[in-house]
Every structure is written in C-alpha cells, then in structure tokens.
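Take a look at the structure set out below.
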Amino acid sequence: MSAMTASEEQLRRRLLGDPPGQRLLGWIGPLVAMVVGGILRFWDLGNPHQLVFDETYYVKQAWSMLQYGVEMRNGGPFGEKPDEAFTHGTLSVFDPTNGDLVVHGPVGKWVIAAGEALFGGDSSVGWRFSVCVLGTLSILLVGRIGRRLLGSSVLGTMAALLLAVEGHHFVHSRTGLLDLILMFWALVAFGALLLDRDRSRGLLAARVAAAQSRPGGIPAGWLGPRLGARPWRWVAGLALGLACGTKWSGAYFLAVFGLLTVLWDMGARRAVGIPSPAYAALRRDAPLAFVAIVPVAIVTYLASWWGWFVSDHGYNKSWAASHPAEPGWGWMPDLLRSWWNYQAQILDFHRGLFTPHAYQSSPWSWMIQGRPTSMFAEYPKLGEQGCTVDMCAKVITPIGTPTIWWLATASLFVLAFRWALRRDWRAGAILAGYAGGFFPWFLLGDRTIYQFYAVAFVPYAVLGVTYVLGLGLGAPDASRERRQVGAVAVGSYLVVTTLVFAWFLPLYTAQLTSYDQWWVHMWFPSWV
C-alpha cells in the first residue's frame, strides 16, 4: 500500500502544465472576465421598464414578501391589470388578507426582493439587480472552478470568458426570474465539493503516510483513516438547500452531487491503495457525507419558509384547523400539517402542468438551441417609440450563443468517452452537472417545459466546451508546431464566439431595430 507522494494540485501542475507563475492568472483572468461581463449585464439593466415574461410573478411576489413576509394574491381595484399598475408605480396591487398559492420556494424571491429593497419596487433596475449580481459573480465562480477542475489558469480564464459572452446566461442575468438563482446555488455547491475533494485527498494521503510509518505498519483489512467534519461539504449542503428553496428542481442537483462526492471518496481511497475502496468509502465517508449534505439541505429549505411560518396571512395556514389529523399523525403540530399540505398542493400543480404553450420545447432540442423562449416582444410601427421605418422590433430572446452550445453538444460525446473509457474524473464531474440540471427533464414526458430552464446547467456546458478546447490546445509536452496550431484554432474560436454574441446583443437587450434586422437574426424557423 503506497500513499500519494504529492498533493492533488502539484499533480495537476505536472500533468497539465500550469506553471507556478500562472497562479496569479488563475484569479486575474476570471476577474477581468467578470468585470467585462458585469459591465455588459448592468448596462441599461432597467430596459424595458416592463415586467418581462415570468417577472409578472416573481417581481411582484418579491415585493409582496417585503411588505407582508409572504406572497399575497393580486387584488383591489387593479385585480384585472396588476402588471400595468405595478409598472407605473402603483405597488399596492395585493389583497392584504389572502395569501397566494405559489409553486416555487421563497429563496429566489427573497433574492429579488433584496434588489427591490435597495432601489424600490417601482424601479426596473431593482427588479433585476440581485439576479444580475449573481449572474456576474457566477462568471468568476466558473473561472475559478474551471481552473481547479482542469488544472490550468488559461482554461479557467477561457471558461469565465465563455460564460461572460453566453447569450442564454446573459439574458437571465438581466431578468428577474428564478432559474439563474437556482443555477448559482447549485454552482456554489459544485465548487464547494470540488474544494472538499482536493482538501480531503491531501488529508487522506497525509494520514495514510503517517499510519504506514507507525511501528507494526497497517493492520490487515484497514479501511483507511477517517477525515473528520469536512466543512466544505456543509457549505455544499447549505447551498443545495438554497437551490431547493428556489425551485424544487434543485433536488436533482442534491441527489447527483451527493453521489458524486462519495464516488470521489472511493477514487481517493483507491488511489492510496486502500483494499476494497468502495466498501471503505461507504463505511468511512458516505454516512458523514449524508449528514453534512442532506439534513443541512432539508433544514435550510424548511428555514427558507420562515416568512410563511410567522405570517398571519400565508396561504393554507388554517388548513389543519378544518382537517383533523389522520391516525398516527396527531403528534405533528397543526402549523406543520398545514405547511405539509401546502407542499402537497405544489406537487400536484407540477404533476398536472400540461397546458400547451407556443414556446414549449422538448429537452432534446435544448442543446442545439432549437426553440428559444420569447420573453418580450413589441413591434412598433413608423413613428412609434422612435421607429423610423415601416416596422421595428424590440425583443428579448435568450438564444444561447450558438458557437458555445453547438460545441457543447459535441462535447457531450467527448466527455462520455473520456469518462467511460479513459476514467477521466474531470469529464465525469462535468457530466454530473448535466445529470443534475439537464437529464432529469427527459423523465417528465409531456409536461409543459421550456428551453429557458437550460440556464441551470449552462456552467457545465461552458466547462465541457473548455474541456474540449483544452484538448485542442494540445498537451504540454506536445511539439511546438502542434501547440501553435492549437492556440490559433482555440483563439479563433474565442474571437468568433465573442462576435456572434455581439451580433445577437440587440435581441438580448430589447434594443430598437428594424423588423428586417430582427428577421436576419432568426436563423431557423423554430426561432420565430
């Protein structure tokens, strides 16, 4: 049995050629990409000063939570047209006595509410500010995760740059919706587990080496050392609880990432020569992983509903009073029974969501950007809103930057090959992001779903593209000519991708263009 002779970070530098002098680039590159991406995202953030797409729910609900602690029903004299009143500064569009049945947890709406608290509920900048902050921060996160995952500061910088110019992520960063918030918390969890992997492998190697040096050596059948509390796993549990508290689809990330971290433990124990590493990890690591992630996520989710628990007007608060407890459930307080029934109603809603919609799409088409969701569209005529031609267009359509998504589609096959046949854990880690954010949608049959949900796994699409670009650059020990060809090809790809993003920018930001100009951007009939 032999322990690791170098830390995971040192091994990566040796194998992937990231010299110590580039450590600073590992921060500077993603930071620059974040600043540039942030400037683009915050520019003219308040345009349009209208509730865009599902902002009609979440922006108003966030304001309601600031006022009442919970989401209240639309009501009063503006019950028929609350959006118009809210947009024009009349914020009291709620029935102050009746809570509303909402089908997503409170976390995302509290995030949106933070921006409204800063800028006011009548500010369209305030509606989108907090989401834009998270979208900008996620650029830095992807850069740092890419650097640690792929062992290269250059590749980490590429990942951050690609996310900065990814159109789907860009639009969500400028819109008061929940999906980017879900993406952010899942990404924080992924990064925390990646940090835990590095820390625990180093700790494991040191403790195995210490055990080998003791008189008498290591006893037969030893399962290896215990690794203690592992705080980054607790961070991941907290982040995953916040993801679930934003949207229930965060539970897929919870399940996949929980399994991923245990598989990493099995690999670590195998690397140091522990006999039966799978059994050892299940005994030594899996129980503590469960405790650090699952209960923490559950408690976090429950705590996120505190506004409902303390409010007098939350939806379904009095349900238990008129529904006696079934045998065996009398121990549960009425408040918890009412809350549990509320969760059951949310589940029933999601199970029955089959209403046809013009922009619904199959997940089979998401990777190739088959049916982007139109979030906002106006077509002014000559003389209206500054239109100087017969007809103009002002639209917001989250078309993912095609050069990124199309290469990401191809990268799925590369990742699957490298993980299954080359045992490359990095490829498996990226695929785990897809497994948490993308693959579950294939299980939902005919349910009404939309391509804009794909923002939840866009970081892993970007990391997959970066992985392929790293292969294109060539290994550190490749010939100079090979490295030069790779650098030119990759550099050209990055330039073209940035130009494609700039080409679609008017459609991301509701800029006034001629109708003909808008039509030129519609590359495929399914985009219209």
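Scheme for the structure tokens: letters A, B, ... for chains in order shown; per-chain residue numbers from 1; ligand numbers from 1 in order shown.
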Residue set, range 72-246 of chain A restricted to helix (DSSP H, G or I), as a ChimeraX atom specification: /A:76-78,82-87,107-119,124-150,153-164,167-173,179-212,231-246
Range 224-231 of chain A environment, 10 Å, only C-alpha atoms, sequence neighbours closer than 6 positions dropped, as number ranges by chain: A: 192-193, 195-197, 199-201, 203-208, 211, 218, 237, 269, 272-275, 277, 280-281, 283-285, 288-289, 291-292
Spatial neighbours of range 468-481 of chain A, 7 Å, only C-alpha atoms, chain gap at least 2 places, as number ranges by chain: A: 16-17, 155, 411, 464-466, 483-487, 490
Would you output that residue set with N, CA and C atoms, as a PDB file, in the first residue's frame?
ATOM      1  N   LEU A  16      -0.646  18.891 -16.379  1.00  0.00           N
ATOM      2  CA  LEU A  16      -1.345  19.791 -17.289  1.00  0.00           C
ATOM      3  C   LEU A  16      -0.557  21.053 -17.605  1.00  0.00           C
ATOM      4  N   GLY A  17       0.588  21.220 -16.996  1.00  0.00           N
ATOM      5  CA  GLY A  17       1.478  22.281 -17.417  1.00  0.00           C
ATOM      6  C   GLY A  17       1.057  23.674 -17.007  1.00  0.00           C
ATOM      7  N   LEU A 155      -7.187  27.773 -19.028  1.00  0.00           N
ATOM      8  CA  LEU A 155      -8.502  27.185 -19.267  1.00  0.00           C
ATOM      9  C   LEU A 155      -9.555  27.775 -18.333  1.00  0.00           C
ATOM     10  N   SER A 411     -19.362  18.198 -27.302  1.00  0.00           N
ATOM     11  CA  SER A 411     -18.519  17.871 -26.150  1.00  0.00           C
ATOM     12  C   SER A 411     -19.138  16.792 -25.274  1.00  0.00           C
ATOM     13  N   GLY A 464     -17.699  22.015 -20.328  1.00  0.00           N
ATOM     14  CA  GLY A 464     -17.498  20.981 -21.336  1.00  0.00           C
ATOM     15  C   GLY A 464     -16.806  21.520 -22.566  1.00  0.00           C
ATOM     16  N   VAL A 465     -17.223  22.704 -23.016  1.00  0.00           N
ATOM     17  CA  VAL A 465     -16.564  23.349 -24.153  1.00  0.00           C
ATOM     18  C   VAL A 465     -15.108  23.642 -23.817  1.00  0.00           C
ATOM     19  N   THR A 466     -14.865  24.147 -22.613  1.00  0.00           N
ATOM     20  CA  THR A 466     -13.496  24.456 -22.196  1.00  0.00           C
ATOM     21  C   THR A 466     -12.636  23.206 -22.151  1.00  0.00           C
ATOM     22  N   ARG A 483       1.284  22.865 -30.664  1.00  0.00           N
ATOM     23  CA  ARG A 483       0.747  23.832 -29.716  1.00  0.00           C
ATOM     24  C   ARG A 483       0.363  25.131 -30.427  1.00  0.00           C
ATOM     25  N   GLN A 484       1.134  25.537 -31.418  1.00  0.00           N
ATOM     26  CA  GLN A 484       0.817  26.769 -32.141  1.00  0.00           C
ATOM     27  C   GLN A 484      -0.484  26.625 -32.927  1.00  0.00           C
ATOM     28  N   VAL A 485      -0.629  25.490 -33.605  1.00  0.00           N
ATOM     29  CA  VAL A 485      -1.862  25.244 -34.351  1.00  0.00           C
ATOM     30  C   VAL A 485      -3.056  25.238 -33.400  1.00  0.00           C
ATOM     31  N   GLY A 486      -2.904  24.574 -32.266  1.00  0.00           N
ATOM     32  CA  GLY A 486      -3.976  24.534 -31.281  1.00  0.00           C
ATOM     33  C   GLY A 486      -4.330  25.914 -30.759  1.00  0.00           C
ATOM     34  N   ALA A 487      -3.309  26.733 -30.486  1.00  0.00           N
ATOM     35  CA  ALA A 487      -3.548  28.072 -29.956  1.00  0.00           C
ATOM     36  C   ALA A 487      -4.280  28.942 -30.977  1.00  0.00           C
ATOM     37  N   VAL A 490      -7.994  27.627 -31.180  1.00  0.00           N
ATOM     38  CA  VAL A 490      -8.765  27.990 -29.994  1.00  0.00           C
ATOM     39  C   VAL A 490      -8.975  29.497 -29.935  1.00  0.00           C
TER      40      VAL A 490
END
Closest of A:Ile368, A:Leu24, A:Val102, A:Ala297 to Ala461 in chain A - atom-to-atom distances counting only C-alpha atoms: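 Using only C-alpha atoms, the shortest distance to Ala461 in chain A belongs to A:Ile368.
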Within 6 Å of range 350-364 of chain A using only C-alpha atoms, minus same-chain residues under 4 positions, as a VMD selection string: chain A and resid 373 447 to 450
Store the residues picked out above, limited to N, CA and C atoms, as an mmCIF file, in the first residue's frame.
data_model
loop_
_atom_site.group_PDB
_atom_site.id
_atom_site.type_symbol
_atom_site.label_atom_id
_atom_site.label_comp_id
_atom_site.auth_asym_id
_atom_site.auth_seq_id
_atom_site.Cartn_x
_atom_site.Cartn_y
_atom_site.Cartn_z
ATOM 1 N N THR A 373 -37.080 30.666 -25.978
ATOM 2 C CA THR A 373 -38.326 31.207 -25.441
ATOM 3 C C THR A 373 -38.371 32.719 -25.630
ATOM 4 N N ARG A 447 -45.005 16.906 -19.969
ATOM 5 C CA ARG A 447 -45.173 18.124 -19.178
ATOM 6 C C ARG A 447 -44.708 19.351 -19.966
ATOM 7 N N THR A 448 -45.371 20.472 -19.750
ATOM 8 C CA THR A 448 -45.022 21.714 -20.436
ATOM 9 C C THR A 448 -43.715 22.260 -19.870
ATOM 10 N N ILE A 449 -42.672 22.246 -20.683
ATOM 11 C CA ILE A 449 -41.361 22.736 -20.256
ATOM 12 C C ILE A 449 -40.778 23.628 -21.349
ATOM 13 N N TYR A 450 -39.769 24.404 -20.978
ATOM 14 C CA TYR A 450 -39.255 25.451 -21.854
ATOM 15 C C TYR A 450 -37.724 25.395 -21.898
#
Nearby residues (only C-alpha atoms) at most 12 Å from range 326-331 of chain A, same-chain spacing under 6 positions excluded, as a PyMOL selection string: chain A and resi 320+337+340
Write out the residues from the selection above, keeping C-alpha atoms, as a compact mmCIF listing (two decimals), in the first residue's frame.
# COMPACT_ATOMS: atom_id res chain seq x y z
CA ALA A 320 -55.14 21.95 9.61
CA ARG A 337 -49.52 19.87 8.87
CA TRP A 340 -47.02 19.91 4.54
Residue nearest Trp308 in chain A - candidates A:Pro215, A:Pro525, A:Gly99, A:Gly37, atoms counted: only C-alpha atoms: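 Once distances to Trp308 in chain A are computed over only C-alpha atoms, the minimum belongs to A:Gly99.
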